[in-house]
>>> print(open('data39.pdb').read())   # PDB, C-alpha atoms, pLDDT in the B column
ATOM      1  CA  MET A   9     -48.702   6.095 -15.703  1.00 46.00           C
ATOM      2  CA  ARG A  10     -47.984   9.271 -13.720  1.00 42.00           C
ATOM      3  CA  ARG A  11     -47.569   7.203 -10.532  1.00 39.00           C
ATOM      4  CA  ARG A  12     -44.920   4.992 -12.212  1.00 41.00           C
ATOM      5  CA  ALA A  13     -42.971   8.067 -13.330  1.00 40.00           C
ATOM      6  CA  LEU A  14     -43.008   9.482  -9.773  1.00 37.00           C
ATOM      7  CA  VAL A  15     -41.859   6.152  -8.309  1.00 34.00           C
ATOM      8  CA  ALA A  16     -39.064   5.923 -10.910  1.00 37.00           C
ATOM      9  CA  ARG A  17     -37.906   9.491 -10.154  1.00 42.00           C
ATOM     10  CA  ALA A  18     -37.949   8.793  -6.424  1.00 37.00           C
ATOM     11  CA  ALA A  19     -35.856   5.652  -6.911  1.00 37.00           C
ATOM     12  CA  VAL A  20     -33.313   7.567  -9.016  1.00 33.00           C
ATOM     13  CA  THR A  21     -33.164  10.359  -6.412  1.00 35.00           C
ATOM     14  CA  VAL A  22     -32.599   7.889  -3.568  1.00 32.00           C
ATOM     15  CA  SER A  23     -29.857   6.146  -5.605  1.00 35.00           C
ATOM     16  CA  VAL A  24     -28.098   9.446  -6.380  1.00 32.00           C
ATOM     17  CA  VAL A  25     -28.247  10.543  -2.731  1.00 31.00           C
ATOM     18  CA  ALA A  26     -26.912   7.161  -1.546  1.00 34.00           C
ATOM     19  CA  LEU A  27     -24.052   7.256  -4.038  1.00 31.00           C
ATOM     20  CA  THR A  28     -23.224  10.853  -3.130  1.00 32.00           C
ATOM     21  CA  LEU A  29     -23.221  10.193   0.607  1.00 33.00           C
ATOM     22  CA  GLY A  30     -21.330   6.955   0.164  1.00 35.00           C
ATOM     23  CA  GLY A  31     -18.554   8.866  -1.614  1.00 34.00           C
ATOM     24  CA  CYS A  32     -18.121  11.337   1.238  1.00 32.00           C
ATOM     25  CA  THR A  33     -15.781   9.196   3.298  1.00 32.00           C
ATOM     26  CA  SER A  34     -12.098   9.463   2.479  1.00 34.00           C
ATOM     27  CA  GLU A  35     -11.263   5.846   3.274  1.00 37.00           C
ATOM     28  CA  PRO A  36     -12.986   2.677   4.476  1.00 34.00           C
ATOM     29  CA  PRO A  37     -13.082   1.999   8.186  1.00 34.00           C
ATOM     30  CA  ARG A  38      -9.963   0.145   9.324  1.00 35.00           C
ATOM     31  CA  SER A  39     -12.013  -2.949  10.081  1.00 34.00           C
ATOM     32  CA  ALA A  40     -13.529  -3.110   6.593  1.00 38.00           C
ATOM     33  CA  PRO A  41     -12.067  -5.760   4.295  1.00 42.00           C
ATOM     34  CA  VAL A  42     -10.217  -4.375   1.285  1.00 47.00           C
ATOM     35  CA  SER A  43      -9.330  -6.101  -1.939  1.00 51.00           C
ATOM     36  CA  ALA A  44      -5.933  -5.934  -3.600  1.00 54.00           C
ATOM     37  CA  PRO A  45      -6.285  -6.508  -7.340  1.00 59.00           C
ATOM     38  CA  HIS A  46      -2.652  -5.633  -8.200  1.00 70.00           C
ATOM     39  CA  CYS A  47      -0.844  -7.818  -5.691  1.00 88.00           C
ATOM     40  CA  THR A  48       2.142 -10.041  -6.230  1.00 88.00           C
ATOM     41  CA  THR A  49       4.570 -11.655  -3.837  1.00 90.00           C
ATOM     42  CA  SER A  50       7.360 -11.302  -6.429  1.00 88.00           C
ATOM     43  CA  PRO A  51       7.409  -7.906  -8.144  1.00 91.00           C
ATOM     44  CA  PRO A  52       9.729  -7.916 -11.161  1.00 89.00           C
ATOM     45  CA  ALA A  53      13.154  -6.284 -10.961  1.00 94.00           C
ATOM     46  CA  THR A  54      12.687  -3.140 -13.029  1.00 95.00           C
ATOM     47  CA  VAL A  55      14.613   0.133 -13.188  1.00 98.00           C
ATOM     48  CA  LEU A  56      13.932   2.305 -10.164  1.00 98.00           C
ATOM     49  CA  PRO A  57      12.376   5.738 -10.645  1.00 98.00           C
ATOM     50  CA  THR A  58      15.060   8.434 -11.056  1.00 97.00           C
ATOM     51  CA  TRP A  59      14.220   9.951  -7.649  1.00 96.00           C
ATOM     52  CA  ALA A  60      14.681   6.543  -5.912  1.00 97.00           C
ATOM     53  CA  ARG A  61      18.236   5.858  -7.168  1.00 97.00           C
ATOM     54  CA  VAL A  62      20.224   7.786  -4.536  1.00 91.00           C
ATOM     55  CA  GLY A  63      22.963   5.594  -3.079  1.00 90.00           C
ATOM     56  CA  PHE A  64      23.045   3.080  -5.938  1.00 93.00           C
ATOM     57  CA  SER A  65      26.286   2.873  -7.954  1.00 95.00           C
ATOM     58  CA  ASP A  66      24.520   1.682 -11.111  1.00 96.00           C
ATOM     59  CA  PRO A  67      23.013   4.707 -12.932  1.00 96.00           C
ATOM     60  CA  GLU A  68      19.906   2.632 -13.779  1.00 97.00           C
ATOM     61  CA  PRO A  69      19.540   0.093 -10.971  1.00 96.00           C
ATOM     62  CA  ALA A  70      16.926  -2.608 -11.454  1.00 96.00           C
ATOM     63  CA  MET A  71      15.387  -3.862  -8.221  1.00 95.00           C
ATOM     64  CA  PRO A  72      12.054  -5.427  -7.279  1.00 95.00           C
ATOM     65  CA  HIS A  73       9.972  -2.505  -6.040  1.00 96.00           C
ATOM     66  CA  VAL A  74       6.452  -1.169  -5.702  1.00 96.00           C
ATOM     67  CA  VAL A  75       5.692   2.517  -6.284  1.00 97.00           C
ATOM     68  CA  GLY A  76       2.899   4.129  -4.296  1.00 97.00           C
ATOM     69  CA  ASP A  77      -0.373   4.933  -6.040  1.00 97.00           C
ATOM     70  CA  GLY A  78       0.390   8.661  -5.768  1.00 97.00           C
ATOM     71  CA  GLY A  79       3.981   8.216  -6.987  1.00 97.00           C
ATOM     72  CA  ASP A  80       5.426   9.760  -3.819  1.00 97.00           C
ATOM     73  CA  ILE A  81       7.073   6.700  -2.251  1.00 97.00           C
ATOM     74  CA  THR A  82       8.523   3.389  -3.323  1.00 97.00           C
ATOM     75  CA  ALA A  83       9.162   0.180  -1.424  1.00 97.00           C
ATOM     76  CA  ILE A  84      12.392  -1.398  -2.661  1.00 96.00           C
ATOM     77  CA  LEU A  85      12.546  -5.102  -1.872  1.00 95.00           C
ATOM     78  CA  TRP A  86      15.990  -6.571  -1.354  1.00 84.00           C
ATOM     79  CA  ALA A  87      15.425 -10.192  -2.244  1.00 73.00           C
ATOM     80  CA  GLU A  88      14.842 -10.757  -5.948  1.00 71.00           C
ATOM     81  CA  LYS A  89      14.088 -14.459  -5.630  1.00 76.00           C
ATOM     82  CA  ASP A  90      12.902 -14.601  -2.034  1.00 79.00           C
ATOM     83  CA  PRO A  91       9.562 -12.874  -1.469  1.00 91.00           C
ATOM     84  CA  LEU A  92       8.438 -11.173   1.707  1.00 95.00           C
ATOM     85  CA  THR A  93       7.071 -13.943   3.927  1.00 95.00           C
ATOM     86  CA  ALA A  94       4.776 -14.317   6.902  1.00 96.00           C
ATOM     87  CA  PRO A  95       5.948 -15.487   9.286  1.00 94.00           C
ATOM     88  CA  PRO A  96       9.478 -14.317   8.384  1.00 93.00           C
ATOM     89  CA  ALA A  97      11.746 -16.996   6.912  1.00 89.00           C
ATOM     90  CA  GLU A  98      14.459 -18.338   9.197  1.00 90.00           C
ATOM     91  CA  GLY A  99      17.795 -16.605   8.687  1.00 89.00           C
ATOM     92  CA  ARG A 100      16.330 -13.922   6.400  1.00 89.00           C
ATOM     93  CA  ASN A 101      14.617 -10.620   7.076  1.00 91.00           C
ATOM     94  CA  ASN A 102      11.716  -8.960   5.278  1.00 95.00           C
ATOM     95  CA  LYS A 103      13.848  -5.984   4.214  1.00 94.00           C
ATOM     96  CA  VAL A 104      12.168  -2.967   2.644  1.00 96.00           C
ATOM     97  CA  LEU A 105      13.919   0.271   1.741  1.00 95.00           C
ATOM     98  CA  TRP A 106      11.414   3.128   1.699  1.00 96.00           C
ATOM     99  CA  VAL A 107      12.402   6.004  -0.592  1.00 96.00           C
ATOM    100  CA  ALA A 108      10.238   9.116  -0.723  1.00 96.00           C
ATOM    101  CA  ARG A 109      10.015  11.380  -3.758  1.00 96.00           C
ATOM    102  CA  VAL A 110       8.780  14.169  -1.479  1.00 92.00           C
ATOM    103  CA  GLY A 111       9.354  14.856   2.196  1.00 90.00           C
ATOM    104  CA  GLY A 112      12.345  12.575   2.706  1.00 85.00           C
ATOM    105  CA  GLY A 113      13.317  13.026   6.336  1.00 85.00           C
ATOM    106  CA  ASP A 114       9.809  14.154   7.321  1.00 84.00           C
ATOM    107  CA  GLY A 115       9.324  10.835   9.174  1.00 79.00           C
ATOM    108  CA  PRO A 116       8.634   8.742  11.024  1.00 95.00           C
ATOM    109  CA  LEU A 117       6.854   6.602   8.448  1.00 96.00           C
ATOM    110  CA  GLN A 118       3.526   5.442   9.852  1.00 97.00           C
ATOM    111  CA  ILE A 119       2.242   2.246   8.198  1.00 98.00           C
ATOM    112  CA  ASP A 120      -1.414   1.270   8.603  1.00 98.00           C
ATOM    113  CA  ALA A 121      -1.866  -2.114   6.941  1.00 98.00           C
ATOM    114  CA  VAL A 122      -5.060  -4.014   6.134  1.00 98.00           C
ATOM    115  CA  LEU A 123      -5.003  -7.625   4.916  1.00 97.00           C
ATOM    116  CA  ALA A 124      -7.135  -7.968   1.786  1.00 95.00           C
ATOM    117  CA  ASP A 125     -10.500  -9.693   2.120  1.00 92.00           C
ATOM    118  CA  THR A 126     -10.185 -10.070   5.909  1.00 94.00           C
ATOM    119  CA  GLY A 127     -10.134  -6.628   7.548  1.00 90.00           C
ATOM    120  CA  ARG A 128      -7.213  -7.751   9.746  1.00 97.00           C
ATOM    121  CA  THR A 129      -5.020  -4.770  10.578  1.00 98.00           C
ATOM    122  CA  ALA A 130      -1.443  -4.103  11.632  1.00 98.00           C
ATOM    123  CA  THR A 131       0.356  -0.878  12.459  1.00 98.00           C
ATOM    124  CA  ARG A 132       4.085  -0.334  12.093  1.00 97.00           C
ATOM    125  CA  GLU A 133       6.413   2.651  12.347  1.00 96.00           C
ATOM    126  CA  VAL A 134       9.751   3.163  10.597  1.00 94.00           C
ATOM    127  CA  GLU A 135      12.200   5.705  11.954  1.00 92.00           C
ATOM    128  CA  PRO A 136      14.187   7.388  10.639  1.00 83.00           C
ATOM    129  CA  ALA A 137      11.963   7.469   7.669  1.00 79.00           C
ATOM    130  CA  PRO A 138      11.547   6.996   4.963  1.00 86.00           C
ATOM    131  CA  GLY A 139      14.519   4.639   5.028  1.00 91.00           C
ATOM    132  CA  PRO A 140      15.523   1.026   5.613  1.00 92.00           C
ATOM    133  CA  SER A 141      13.245  -1.254   7.559  1.00 94.00           C
ATOM    134  CA  ILE A 142      12.329  -4.794   8.382  1.00 95.00           C
ATOM    135  CA  LEU A 143       8.612  -5.071   7.733  1.00 96.00           C
ATOM    136  CA  ASP A 144       7.122  -8.191   9.278  1.00 96.00           C
ATOM    137  CA  LEU A 145       3.357  -8.565   8.987  1.00 97.00           C
ATOM    138  CA  PRO A 146       1.330 -11.191  10.862  1.00 96.00           C
ATOM    139  CA  GLU A 147       0.110 -13.419   8.038  1.00 96.00           C
ATOM    140  CA  PRO A 148       0.511 -14.123   4.329  1.00 96.00           C
ATOM    141  CA  GLY A 149      -1.600 -12.391   1.710  1.00 96.00           C
ATOM    142  CA  CYS A 150      -2.004  -9.024   0.068  1.00 96.00           C
ATOM    143  CA  TRP A 151      -1.552  -6.126   2.462  1.00 97.00           C
ATOM    144  CA  SER A 152      -2.929  -2.695   1.611  1.00 97.00           C
ATOM    145  CA  LEU A 153      -0.576  -0.124   3.198  1.00 98.00           C
ATOM    146  CA  ASP A 154      -1.576   3.450   3.972  1.00 98.00           C
ATOM    147  CA  LEU A 155       1.703   5.311   4.421  1.00 97.00           C
ATOM    148  CA  THR A 156       2.090   8.658   6.178  1.00 96.00           C
ATOM    149  CA  TRP A 157       5.308  10.591   6.815  1.00 96.00           C
ATOM    150  CA  GLY A 158       5.163  14.214   7.932  1.00 94.00           C
ATOM    151  CA  SER A 159       2.354  15.820   5.947  1.00 95.00           C
ATOM    152  CA  HIS A 160       2.721  13.330   3.072  1.00 95.00           C
ATOM    153  CA  HIS A 161       0.562  10.315   2.305  1.00 97.00           C
ATOM    154  CA  ASP A 162       0.598   7.505  -0.233  1.00 97.00           C
ATOM    155  CA  HIS A 163      -0.708   3.979  -0.576  1.00 97.00           C
ATOM    156  CA  LEU A 164       0.620   0.736  -2.016  1.00 97.00           C
ATOM    157  CA  VAL A 165       0.050  -3.013  -1.852  1.00 96.00           C
ATOM    158  CA  LEU A 166       2.664  -5.580  -0.826  1.00 96.00           C
ATOM    159  CA  GLY A 167       2.210  -9.333  -1.098  1.00 96.00           C
ATOM    160  CA  TYR A 168       3.529 -11.690   1.574  1.00 96.00           C
ATOM    161  CA  ALA A 169       3.997 -15.357   0.717  1.00 94.00           C
ATOM    162  CA  ALA A 170       3.338 -18.148   3.208  1.00 94.00           C
ATOM    163  CA  ARG A 171       6.539 -19.515   4.648  1.00 87.00           C
TER     164      ARG A 171
END
>>> encode(input="data39.pdb", output="structure tokens")
Amino acid sequence: MRRRALVARAAVTVSVVALTLGGCTSEPPRSAPVSAPHCTTSPPATVLPTWARVGFSDPEPAMPHVVGDGGDITAILWAEKDPLTAPPAEGRNNKVLWVARVGGGDGPLQIDAVLADTGRTATREVEPAPGPSILDLPEPGCWSLDLTWGSHHDHLVLGYAAR
């Protein structure tokens, strides 16, 4: 009976140590597949956050957009009915307007993208940034974007439809 208790305690200790050490990394290696549970190729047109409305004539503009997980950046998508596509659609660009809540002008915007469930990566840079861009990524699917501009960082997921 005592031996079983010692074995059980040892197993719990090993599990706690493994979980603790596993949580010490700040992000997965770039080659590790990621999943994107909240991904859509057609985000709904909803009212932009107050801090992302500069330059719009409508006091409450509704545009398809995705706000970063930390709430510090938003990707405004210009085509309500036409999703971002990979490869890009003929005669149409994958336009994204990046608006930062903090650090606007602290660019360039460094984009490190990982395609969900594959580990495929792509790196892009937007300058001046945050600001307007054409964001073409190599294949359709849900792309997890780590975004860095100046000393600021946020993350969001954009879906690209197959053309």
>>> residues_around(input="data39.pdb", residues="Val104 (chain A)", least_positions_apart="2", cutoff="12 Å", atoms="all atoms listed in the file", output="PyMOL selection string")
chain A and resi 71-74+81-88+91-92+101-102+106-107+134+137-144+166
>>> residues_near_point(input="data39.pdb", point="(13.0, 15.1, 1.6)", cutoff="12 Å", atoms="only C-alpha atoms", output="compact mmCIF listing (two decimals) with C-alpha atoms, in the frame of the given file")
# COMPACT_ATOMS: atom_id res chain seq x y z
CA TRP A 59 14.22 9.95 -7.65
CA ALA A 60 14.68 6.54 -5.91
CA VAL A 62 20.22 7.79 -4.54
CA ASP A 80 5.43 9.76 -3.82
CA ILE A 81 7.07 6.70 -2.25
CA VAL A 107 12.40 6.00 -0.59
CA ALA A 108 10.24 9.12 -0.72
CA ARG A 109 10.02 11.38 -3.76
CA VAL A 110 8.78 14.17 -1.48
CA GLY A 111 9.35 14.86 2.20
CA GLY A 112 12.34 12.58 2.71
CA GLY A 113 13.32 13.03 6.34
CA ASP A 114 9.81 14.15 7.32
CA GLY A 115 9.32 10.84 9.17
CA PRO A 136 14.19 7.39 10.64
CA ALA A 137 11.96 7.47 7.67
CA PRO A 138 11.55 7.00 4.96
CA GLY A 139 14.52 4.64 5.03
CA TRP A 157 5.31 10.59 6.82
CA GLY A 158 5.16 14.21 7.93
CA SER A 159 2.35 15.82 5.95
CA HIS A 160 2.72 13.33 3.07
>>> closest_residue(input="data39.pdb", among="A:Ala121, A:Arg100, A:Arg132, A:Ala70", to="Ser152 (chain A)", atoms="all atoms listed in the file")
A:Ala121
>>> closest_residue(input="data39.pdb", among="A:Gly99, A:Thr93, A:Thr129, A:Pro67", to="Gly167 (chain A)", atoms="all atoms listed in the file")
A:Thr93
>>> resolve_selection(input="data39.pdb", expression="the PyMOL selection byres ((chain A and resi 149) around 10)", output="list in words")
Ala44, Cys47, Thr48, Thr49, Thr93, Ala94, Leu123, Ala124, Asp125, Thr126, Leu145, Pro146, Glu147, Pro148, Cys150, Trp151, Ser152, Leu166, Gly167, Tyr168, Ala169 and Ala170 of chain A
